[in-house]
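K.L.:
Below you will find the structure I want to go over with you.
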Protein chains: 2
Amino acid sequence: MKLVIVGGVAGGASAAARARRLSEDAEIVVLERGPDVSFANCGLPYYVGGEIAPRDKLLVTTPQRLRERFRLDVRTRSSVEAIDRQGKKVRVKELDTGREYEETYDALILAPGAAPLRPPIPGIESPHVLTLRNLGDVDRIKSHVDAGAKRVVVVGAGFIGLELAENFVKRGVETTVVELQTQVLPPLDPEMTVPIVEALTSRGVRVILDDSADAFAPADDGVSVTLKSGGVLAADLVILGVGVRPENGLAVAAGLEVGPRGGIRVSDTMQTSDPAIWAVGDAVEIRDVVTGAAAQVPLAGPANRQGRIAAAAILRNAARTPNRYRGTQGTAIVGVFDRVAAITGASEKVLARAATPYRKVYVHPADHAGYYPGAEQMSLKLLFAPDTGRVLGVQAVGGKGVDKRIDVIAVAIQAGMTVFDLEEMELCYAPQFGSAKDPVNMAGFVAAGLVRGDHPQADMTTALDGPPDDGTILLDVRTPQEFSEGHLPRAQNIPLDDLRNRLAELPRDRRILAYCQVGMRGYIATRILLQKGFDVANLGGGYKTSLLLRAARPQG
Amino acid sequence: MKLVIVGGVAGGASAAARARRLSEDAEIVVLERGPDVSFANCGLPYYVGGEIAPRDKLLVTTPQRLRERFRLDVRTRSSVEAIDRQGKKVRVKELDTGREYEETYDALILAPGAAPLRPPIPGIESPHVLTLRNLGDVDRIKSHVDAGAKRVVVVGAGFIGLELAENFVKRGVETTVVELQTQVLPPLDPEMTVPIVEALTSRGVRVILDDSADAFAPADDGVSVTLKSGGVLAADLVILGVGVRPENGLAVAAGLEVGPRGGIRVSDTMQTSDPAIWAVGDAVEIRDVVTGAAAQVPLAGPANRQGRIAAAAILRNAARTPNRYRGTQGTAIVGVFDRVAAITGASEKVLARAATPYRKVYVHPADHAGYYPGAEQMSLKLLFAPDTGRVLGVQAVGGKGVDKRIDVIAVAIQAGMTVFDLEEMELCYAPQFGSAKDPVNMAGFVAAGLVRGDHPQADMTTALDGPPDDGTILLDVRTPQEFSEGHLPRAQNIPLDDLRNRLAELPRDRRILAYCQVGMRGYIATRILLQKGFDVANLGGGYKTSLLLRAARPQG
């Protein structure tokens, strides 16, 4: 068996190492266009900021190490130019010598990755307009900063763009982020990104939404960025982080099937439309396990697992339980200064776009018991099927403990669990680590109550500007102190603990929308009024949620 | 509907609040023997140490608050003396006045909790020998420390005992822990507690295992503790933390069914053998979801959920989806100084005792990507069914991130997932939060490889004293440097990267047990040798595991 692997970073390196573990006899050739294999992609922004140093920390492994430990034939600076499927061979070009040669294969794994998009913006060829993909890129970016770059514009407020912004700030660089959409972190719903924007702006980052770079022009020792809105930003350096496209050139030229967005089509063992060719990593099209839609997810975890699966499919005794790639659920996390935002499963906008029925709840619990010092509040948004309660997605933003709750619910989604299962989860509790009712349980309680029909809930978006014009009453059940510090427009205040004695103040012929700070007292008020015969619903997630939703509304 | 609840702390308070939310019309009477309701049991040790202050932080709620918000008839210092099942009434004694009266009920919930064991040890009635259950207890303990107690003996090295030990140390008190078993934290397997003992002893705690208090005798201003081993410890204060027994007196006297260990028998809606009586919390017998065995779990999370379930069973329209208590999986966590130990599901000793077939793997990954600063190593032990790979239990000990991995696998156990599911989990990865191959994935990879038969593994316990006498060879595949710093007795060193060139040094007619530091290189070596025709197995978990196992062996 001769296995040739195109690409030696995440998926390719994982495939190569696993292939060797499965077969001492296989001939395994890794052809990597760049000078490095298996580097720490996800660490690159932190090398710019100095959090990760020295540079060789970024090298997860080296060609030398792969040769010694796994007896792999690793050839860097070796670009595969074409695949001859008929002849089962690839044409390789040595980038340093220009020499070309052919390499035959019994099985071929494509792990070419994805390349940063460079849209055809005038002036984009400027040496001051960079993208970030590999060590060479990060060296260029860092050398600009080391050389004294004072003003950076990051175009694109995705995960990597914001990580870079944080690290520029840590280096004392004046940083502006420009994003085409009306929110940062486009995979999340807009209101869940509000605390991230606050973290950025409080550290001096200028965040410009709903705008884009229309042109780059040379300026003294830098570049001038003209925005679509007409503004002009002066920068020593521009980073483009506006997405990636699968490196499918080889696959397309060889006639392999690709999806509409360019991802190489693969089976659940990562086999392409040619049974002798597999593909893994950022270049492949996979299935979203929640929505069933085709997806391309440029993330290291899936790439590594796909590499393992492809190697096993090629080299393991086929009679044994095969590993199968089950698709992605889009789990992603980002830390921005002291804030953390994360998601797994579908967002509300994805569900709405697909016309998938869903319900949602917001909770704002602390990461651990409130009576123990250092508790940090998080906001958690849970999406689930209205009928069965199946968990469809979750997002959280806060500080400590966000990653844990997203991971816990990621497993629930993987297992096809429901909100009733969230209610019953038995999670770690000591005061430093959680609560007797963990945030995950809390979200489950609220959501399960909705599915069971225990309490009607209304969507806070309907009340941001005050009560709907149909005579609806907004009832704020917080304390007068809380009410005085801010409330929904034209809301009436009856504190929860007075409510039973003041029912006469409320009309029985009008709809009442109750709310509190985070949803709990509003829920109790709703239960009271419901049983007393009022037409009432709780504005889920409370005033805290309204602040997020309001801040997330597109300006102008 | 008149609902009477006996006990107003975790399960009782949860039941009462939920009952009111479900029914405005129900009459709800909460009878609590103590002066407080719903206090932060799990915070008590940290109040002694000063981490939690002021004292009212420990009051999760107050009788006043419960009256105002939930219109509950809360009566503290009110002891229920007997249940008249026939007449559906309880006899109540007002502890402050001595007055007795009867209270009828339509439904009764028993939430009496569990009481600390006070074994019949001579001298145990000393005012210097205390237990910890409620605020009165913690006040007594704290006042001893505030008054200058210099030496404390904690009898019992369970979760609360060790939390107390930490807090005594923080107050500058010389602390000794005495434990009957040969390990601390008896729910865990012994080797997983080694780092906890190290944390204790490194902070000056004296840990005495395999010993117990035989007698207490008055000494100048304190107490003298005579150990079974013959030693004598002088102490200003002794804390007994040797377990709890369910407060089943009322239930037993009323003829309700109790289990062999005294737990009140309940259905999955927490109904006792009397259909008008429910029971929740530390006093009930529940089912262990992994082993199926009867269990009593004195933990706040289950108590709260059981309270909710009982209230719903009593007050909700029975036609709606009922909540059901599914049993416990024994999720528990403890922080001891900078170390964290946690468990969910069955331990190895529980599985061995029940003769349940299992396999195990140890991994020692970092909590987040090694290339990002601050990564902390943890040790994780995964137990699973040999045939199906179903996850049976997991324990971890380390620092940051232990709670997350236990919670993630807790959900996997709840969902009945297998080690193949752990392999494919898509968890949060950014360098601060995890790794492309998360510790959970890593454990899954190793375990799934075992179930698939990809690599034979031998138990490290068989090699702690050197190779078995049958001619077996111990092969250490670490570097000469690592080997020189410590290795298994009579092991032979061939570094992994030299192995393929030095196969001639290994006999083909003898069994070879390979090992490295944490198991990964040993696995690769095993795969190489296996394919070259050697009789080989990997000593799972590597030298790091051997150090834990060796340190956990009972002394003498």
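Ordered as shown in the structure tokens, chains take letters A, B, and onward, while each chain numbers its residues from 1 and ligands are numbered from 1 in the order shown.
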Would you give me, as a short mmCIF file (atom, residue, chain, number, x, y, z; two decimals) with N, CA and C atoms, in the first residue's frame, the residues of chain B that come within 7 Å of chain A, using only C-alpha atoms?
P.N.:
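Once written, out_3.cif looks like this:
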data_model
loop_
_atom_site.label_atom_id
_atom_site.label_comp_id
_atom_site.auth_asym_id
_atom_site.auth_seq_id
_atom_site.Cartn_x
_atom_site.Cartn_y
_atom_site.Cartn_z
N ARG B 21 -45.52 27.68 42.60
CA ARG B 21 -45.58 28.11 41.20
C ARG B 21 -46.65 27.34 40.44
N GLU B 24 -51.46 28.39 42.96
CA GLU B 24 -51.69 29.54 43.84
C GLU B 24 -52.64 29.18 44.97
N CYS B 42 -23.15 23.57 51.04
CA CYS B 42 -21.86 23.27 50.42
C CYS B 42 -20.87 24.41 50.64
N GLY B 43 -21.34 25.53 51.17
CA GLY B 43 -20.42 26.63 51.43
C GLY B 43 -19.88 26.65 52.84
N ILE B 52 -15.87 32.72 52.36
CA ILE B 52 -17.23 33.25 52.29
C ILE B 52 -17.48 34.10 53.53
N LYS B 57 -24.29 35.52 53.67
CA LYS B 57 -24.12 34.95 52.33
C LYS B 57 -24.53 33.49 52.29
N LEU B 58 -24.49 32.84 53.46
CA LEU B 58 -24.84 31.41 53.52
C LEU B 58 -26.35 31.18 53.47
N GLU B 68 -43.10 35.96 51.72
CA GLU B 68 -43.48 37.07 50.85
C GLU B 68 -43.62 36.64 49.40
N ARG B 69 -42.62 35.90 48.95
CA ARG B 69 -42.61 35.60 47.52
C ARG B 69 -43.52 34.44 47.16
N ALA B 300 -26.68 18.15 46.92
CA ALA B 300 -27.69 19.21 46.78
C ALA B 300 -28.42 19.16 45.44
N GLY B 301 -27.70 18.86 44.38
CA GLY B 301 -28.32 18.87 43.05
C GLY B 301 -29.47 17.88 42.96
N ARG B 320 -50.12 15.75 31.82
CA ARG B 320 -48.93 16.30 31.18
C ARG B 320 -47.72 15.40 31.42
N THR B 321 -46.74 15.55 30.54
CA THR B 321 -45.49 14.79 30.70
C THR B 321 -44.99 14.92 32.13
N THR B 331 -22.23 12.08 40.54
CA THR B 331 -21.31 13.14 40.14
C THR B 331 -20.88 13.95 41.37
N ALA B 332 -19.59 14.07 41.57
CA ALA B 332 -19.11 14.81 42.74
C ALA B 332 -17.75 15.41 42.43
N ILE B 333 -17.47 16.53 43.07
CA ILE B 333 -16.21 17.24 42.82
C ILE B 333 -15.73 17.85 44.12
N VAL B 334 -14.42 17.96 44.24
CA VAL B 334 -13.86 18.66 45.39
C VAL B 334 -12.62 19.42 44.96
N TYR B 371 0.73 24.66 23.64
CA TYR B 371 1.51 25.78 23.11
C TYR B 371 1.05 27.12 23.67
N TYR B 372 -0.07 27.11 24.40
CA TYR B 372 -0.57 28.35 25.01
C TYR B 372 -0.21 28.34 26.49
N PRO B 373 0.20 29.47 27.05
CA PRO B 373 0.70 29.45 28.43
C PRO B 373 -0.36 29.00 29.43
N ASP B 403 -13.39 19.91 36.04
CA ASP B 403 -14.85 19.94 36.15
C ASP B 403 -15.52 19.81 34.79
N LYS B 404 -14.94 20.48 33.79
CA LYS B 404 -15.54 20.44 32.45
C LYS B 404 -15.55 19.03 31.89
N ASP B 407 -18.10 16.84 33.63
CA ASP B 407 -19.46 17.19 33.23
C ASP B 407 -19.78 16.68 31.83
N VAL B 408 -18.83 16.82 30.93
CA VAL B 408 -19.04 16.34 29.56
C VAL B 408 -19.31 14.83 29.56
N ALA B 410 -20.25 13.10 32.14
CA ALA B 410 -21.50 12.86 32.88
C ALA B 410 -22.68 12.82 31.92
N VAL B 411 -22.69 13.73 30.96
CA VAL B 411 -23.78 13.75 29.98
C VAL B 411 -23.70 12.50 29.10
N ALA B 412 -22.49 12.11 28.75
CA ALA B 412 -22.33 10.89 27.94
C ALA B 412 -22.90 9.69 28.67
N ALA B 415 -26.63 9.78 28.66
CA ALA B 415 -27.18 9.44 27.34
C ALA B 415 -26.88 8.00 26.94
N MET B 425 -16.76 13.55 19.75
CA MET B 425 -17.33 14.75 20.35
C MET B 425 -16.70 16.00 19.77
N GLU B 426 -17.55 16.96 19.47
CA GLU B 426 -17.07 18.22 18.92
C GLU B 426 -17.17 19.29 20.00
N LEU B 427 -16.06 19.50 20.68
CA LEU B 427 -16.03 20.37 21.85
C LEU B 427 -15.30 21.67 21.52
N CYS B 428 -15.50 22.66 22.38
CA CYS B 428 -14.90 23.98 22.16
C CYS B 428 -13.38 23.89 22.05
N TYR B 429 -12.84 24.51 21.02
CA TYR B 429 -11.39 24.60 20.93
C TYR B 429 -10.95 25.99 20.51
N ALA B 430 -10.34 26.66 21.44
CA ALA B 430 -9.44 27.78 21.18
C ALA B 430 -8.32 27.51 22.18
N PRO B 431 -7.12 28.04 21.94
CA PRO B 431 -6.00 27.55 22.75
C PRO B 431 -6.15 27.77 24.26
N PHE B 433 -8.88 27.25 25.93
CA PHE B 433 -10.00 26.48 26.47
C PHE B 433 -9.90 24.97 26.25
N ALA B 436 -7.39 20.73 19.98
CA ALA B 436 -8.06 20.16 18.81
C ALA B 436 -8.49 18.73 19.13
N LYS B 437 -7.64 18.02 19.86
CA LYS B 437 -8.04 16.73 20.41
C LYS B 437 -8.20 16.92 21.91
N ARG B 452 -11.95 -1.89 19.76
CA ARG B 452 -11.82 -2.37 18.38
C ARG B 452 -10.74 -3.44 18.24
N ASP B 497 11.98 6.35 18.95
CA ASP B 497 12.47 6.72 17.63
C ASP B 497 13.61 5.82 17.15
N ILE B 524 2.35 3.57 20.26
CA ILE B 524 2.99 3.51 18.95
C ILE B 524 3.99 2.35 18.91
N ARG B 527 2.15 -0.86 18.52
CA ARG B 527 1.68 -1.06 17.15
C ARG B 527 2.84 -1.53 16.25
N ILE B 528 4.01 -0.95 16.44
CA ILE B 528 5.16 -1.35 15.62
C ILE B 528 5.51 -2.81 15.90
N GLN B 531 3.02 -5.48 14.69
CA GLN B 531 3.04 -5.72 13.26
C GLN B 531 4.31 -6.46 12.84
#
K.L.:
Neighbours of A:Lys228 within 10 Å (only C-alpha atoms; same-chain residues fewer than 3 positions away dropped), as a list in words?
P.N.:
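Close residues of A:Lys228: Leu180, Asp210, Asp211, Ser212, Ala213, Asp214, Ala215, Val225, Gly231 and Val232 of chain A.
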K.L.:
Which of these, B:Arg511, B:His487, B:Arg99, B:Lys170, has the shortest distance to B:Ser546 once you count only C-alpha atoms?
P.N.:
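Between B:Arg511, B:His487, B:Arg99, B:Lys170, the residue approaching B:Ser546 most closely is B:His487.
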K.L.:
Please give the complete set of residues from stretch 128-317 of chain B that DSSP, run on the backbone, assigns to strand (DSSP E or B), formatted as a PyMOL selection string.
P.N.:
chain B and resi 129-130+151-155+174-178+206-208+213-219+222-227+232-235+237-240+244-246+258+264-265+271+277-279+284-288+294-295
K.L.:
Would you mind listing what lies within 10 Å of A:Ala443 as a PDB file with N, CA and C atoms, in the first residue's frame, with only C-alpha atoms counted and same-chain residues fewer than 6 positions away left out?
P.N.:
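Result saved to result_20.pdb:
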ATOM      1  N   LYS A 360     -37.081  29.427  21.978  1.00  0.00           N
ATOM      2  CA  LYS A 360     -35.818  29.838  22.576  1.00  0.00           C
ATOM      3  C   LYS A 360     -36.040  30.280  24.011  1.00  0.00           C
ATOM      4  N   VAL A 361     -35.017  30.109  24.811  1.00  0.00           N
ATOM      5  CA  VAL A 361     -35.021  30.720  26.142  1.00  0.00           C
ATOM      6  C   VAL A 361     -33.659  31.368  26.378  1.00  0.00           C
ATOM      7  N   TYR A 362     -33.705  32.429  27.168  1.00  0.00           N
ATOM      8  CA  TYR A 362     -32.485  33.071  27.642  1.00  0.00           C
ATOM      9  C   TYR A 362     -32.413  32.893  29.152  1.00  0.00           C
ATOM     10  N   VAL A 363     -31.252  32.541  29.661  1.00  0.00           N
ATOM     11  CA  VAL A 363     -31.033  32.605  31.109  1.00  0.00           C
ATOM     12  C   VAL A 363     -29.716  33.357  31.329  1.00  0.00           C
ATOM     13  N   HIS A 364     -29.575  33.911  32.520  1.00  0.00           N
ATOM     14  CA  HIS A 364     -28.392  34.731  32.825  1.00  0.00           C
ATOM     15  C   HIS A 364     -27.804  34.309  34.168  1.00  0.00           C
ATOM     16  N   PRO A 365     -27.418  33.061  34.285  1.00  0.00           N
ATOM     17  CA  PRO A 365     -26.950  32.552  35.580  1.00  0.00           C
ATOM     18  C   PRO A 365     -25.473  32.861  35.817  1.00  0.00           C
ATOM     19  N   LEU A 380     -27.019  32.894  28.401  1.00  0.00           N
ATOM     20  CA  LEU A 380     -27.086  31.641  27.654  1.00  0.00           C
ATOM     21  C   LEU A 380     -28.409  31.600  26.896  1.00  0.00           C
ATOM     22  N   LYS A 381     -28.330  31.302  25.634  1.00  0.00           N
ATOM     23  CA  LYS A 381     -29.519  31.234  24.783  1.00  0.00           C
ATOM     24  C   LYS A 381     -29.650  29.812  24.263  1.00  0.00           C
ATOM     25  N   LEU A 382     -30.781  29.210  24.553  1.00  0.00           N
ATOM     26  CA  LEU A 382     -31.009  27.808  24.176  1.00  0.00           C
ATOM     27  C   LEU A 382     -32.114  27.755  23.137  1.00  0.00           C
ATOM     28  N   LEU A 383     -31.867  27.007  22.074  1.00  0.00           N
ATOM     29  CA  LEU A 383     -32.854  26.827  21.001  1.00  0.00           C
ATOM     30  C   LEU A 383     -33.257  25.366  20.942  1.00  0.00           C
ATOM     31  N   VAL A 394     -27.155  26.148  21.094  1.00  0.00           N
ATOM     32  CA  VAL A 394     -26.973  26.974  22.284  1.00  0.00           C
ATOM     33  C   VAL A 394     -25.828  27.938  22.034  1.00  0.00           C
ATOM     34  N   VAL A 419     -34.713  19.034  26.066  1.00  0.00           N
ATOM     35  CA  VAL A 419     -34.649  19.944  27.212  1.00  0.00           C
ATOM     36  C   VAL A 419     -35.012  19.214  28.505  1.00  0.00           C
ATOM     37  N   LEU A 422     -31.851  18.009  29.819  1.00  0.00           N
ATOM     38  CA  LEU A 422     -31.057  19.074  30.447  1.00  0.00           C
ATOM     39  C   LEU A 422     -31.498  19.288  31.896  1.00  0.00           C
ATOM     40  N   GLU A 423     -32.805  19.235  32.119  1.00  0.00           N
ATOM     41  CA  GLU A 423     -33.320  19.390  33.486  1.00  0.00           C
ATOM     42  C   GLU A 423     -32.665  18.397  34.435  1.00  0.00           C
ATOM     43  N   LYS A 437     -28.263  23.981  41.103  1.00  0.00           N
ATOM     44  CA  LYS A 437     -28.974  24.051  39.820  1.00  0.00           C
ATOM     45  C   LYS A 437     -28.019  24.723  38.843  1.00  0.00           C
ATOM     46  N   GLY A 449     -40.419  23.776  30.849  1.00  0.00           N
ATOM     47  CA  GLY A 449     -41.683  24.384  31.260  1.00  0.00           C
ATOM     48  C   GLY A 449     -42.468  24.897  30.059  1.00  0.00           C
TER      49      GLY A 449
END
K.L.:
Just asking: which residues within stretch 196-262 of chain B are helix (DSSP H, G or I) according to DSSP, as a VMD selection string?
P.N.:
chain B and resid 196 to 202 249 to 253
K.L.:
From the list B:Thr76, B:Thr461, B:Gln183, B:Thr97, which residue is nearest B:Val6 when using only C-alpha atoms?
P.N.:
B:Thr76
K.L.:
Applying 12 Å and only C-alpha atoms, which residues near A:Gly486 remain after dropping the ones on its own chain fewer than 2 positions away? List them as a short mmCIF file (atom, residue, chain, number, x, y, z; two decimals) with C-alpha atoms, in the first residue's frame.
P.N.:
data_model
loop_
_atom_site.label_atom_id
_atom_site.label_comp_id
_atom_site.auth_asym_id
_atom_site.auth_seq_id
_atom_site.Cartn_x
_atom_site.Cartn_y
_atom_site.Cartn_z
CA ASP A 476 -42.24 45.11 35.48
CA ARG A 478 -38.76 44.04 39.85
CA THR A 479 -38.15 46.27 42.84
CA PRO A 480 -38.79 50.02 42.58
CA GLN A 481 -35.01 50.48 42.83
CA GLU A 482 -34.38 48.24 39.83
CA PHE A 483 -37.24 49.87 37.95
CA SER A 484 -35.85 53.34 38.53
CA LEU A 488 -38.98 48.99 29.21
CA PRO A 489 -40.81 51.99 27.76
CA ARG A 490 -44.22 52.63 29.36
CA ALA A 491 -43.92 49.65 31.70
CA ASN A 493 -44.07 48.52 38.12
CA CYS A 516 -38.14 41.00 35.63
CA GLN A 517 -34.36 41.19 35.44
CA TYR A 543 -34.68 43.17 31.19
CA LYS A 544 -31.13 41.89 30.86
CA SER A 546 -33.80 43.42 26.39
CA LEU A 547 -30.54 45.30 26.87
#
K.L.:
How far is it from atom CA of A:Gly49 to atom CA of A:Lys400, in Å with one decimal?
P.N.:
21.7 Å
K.L.:
Tell me which protein, DNA and RNA residues are within 12 Å of B:Gly136, counting only C-alpha atoms, leaving out same-chain ones fewer than 2 positions away, and put them as a list in words.
P.N.:
Gly34, Pro35, Asp36, Phe39, Asn41, Leu44, Arg55, Leu58, Leu130, Thr131, Leu132, Arg133, Asn134, Val138, Asp139, Arg140, Ile141, Lys142 and Ser143 of chain B
K.L.:
Selection from above, N, CA and C atoms, as a compact mmCIF listing (two decimals), in the first residue's frame, can you write it?
P.N.:
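Saved file selection08.txt follows:
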# COMPACT_ATOMS: atom_id res chain seq x y z
N GLY B 34 -34.91 23.21 62.33
CA GLY B 34 -33.87 24.18 62.64
C GLY B 34 -34.37 25.62 62.55
N PRO B 35 -33.47 26.57 62.79
CA PRO B 35 -33.87 27.97 62.73
C PRO B 35 -33.81 28.55 61.31
N ASP B 36 -33.17 27.82 60.38
CA ASP B 36 -32.95 28.35 59.03
C ASP B 36 -33.60 27.47 57.98
N PHE B 39 -30.18 26.96 53.36
CA PHE B 39 -28.88 27.60 53.48
C PHE B 39 -27.87 26.89 52.58
N ASN B 41 -25.42 24.71 52.27
CA ASN B 41 -24.68 23.61 52.89
C ASN B 41 -23.25 23.50 52.37
N LEU B 44 -20.44 25.80 53.72
CA LEU B 44 -20.08 25.90 55.13
C LEU B 44 -18.58 25.85 55.39
N ARG B 55 -21.61 36.14 57.10
CA ARG B 55 -22.37 34.93 57.34
C ARG B 55 -23.66 34.87 56.54
N LEU B 58 -24.49 32.84 53.46
CA LEU B 58 -24.84 31.41 53.52
C LEU B 58 -26.35 31.18 53.47
N LEU B 130 -16.93 17.80 67.25
CA LEU B 130 -18.08 18.38 66.55
C LEU B 130 -18.33 17.69 65.21
N THR B 131 -19.54 17.87 64.72
CA THR B 131 -19.85 17.48 63.35
C THR B 131 -20.33 18.72 62.61
N LEU B 132 -20.47 18.60 61.29
CA LEU B 132 -20.88 19.75 60.49
C LEU B 132 -22.09 19.39 59.65
N ARG B 133 -23.21 20.02 59.98
CA ARG B 133 -24.40 19.83 59.15
C ARG B 133 -25.06 21.15 58.81
N ASN B 134 -25.16 22.03 59.82
CA ASN B 134 -25.95 23.23 59.58
C ASN B 134 -25.23 24.48 60.08
N VAL B 138 -21.58 25.15 62.08
CA VAL B 138 -20.45 25.90 61.53
C VAL B 138 -20.11 27.08 62.43
N ASP B 139 -21.12 27.63 63.07
CA ASP B 139 -20.85 28.70 64.05
C ASP B 139 -19.96 28.18 65.18
N ARG B 140 -20.29 27.00 65.67
CA ARG B 140 -19.49 26.41 66.75
C ARG B 140 -18.05 26.17 66.30
N ILE B 141 -17.91 25.59 65.11
CA ILE B 141 -16.56 25.29 64.61
C ILE B 141 -15.77 26.58 64.42
N LYS B 142 -16.41 27.56 63.80
CA LYS B 142 -15.72 28.81 63.51
C LYS B 142 -15.34 29.53 64.81
N SER B 143 -16.21 29.43 65.80
CA SER B 143 -15.90 30.14 67.05
C SER B 143 -14.70 29.51 67.75
K.L.:
Show which residues sit within 9 Å of B:Ser126, as a list in words. Count only C-alpha atoms, and ignore same-chain residues fewer than 5 positions away.
P.N.:
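Returned residues: Phe216, Ala217, Pro218, Gly222 and Val223 of chain B.
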K.L.:
Please compute the atom CA of A:Leu3-atom CA of A:Val297 distance, one decimal, in Å.
P.N.:
25.2 Å
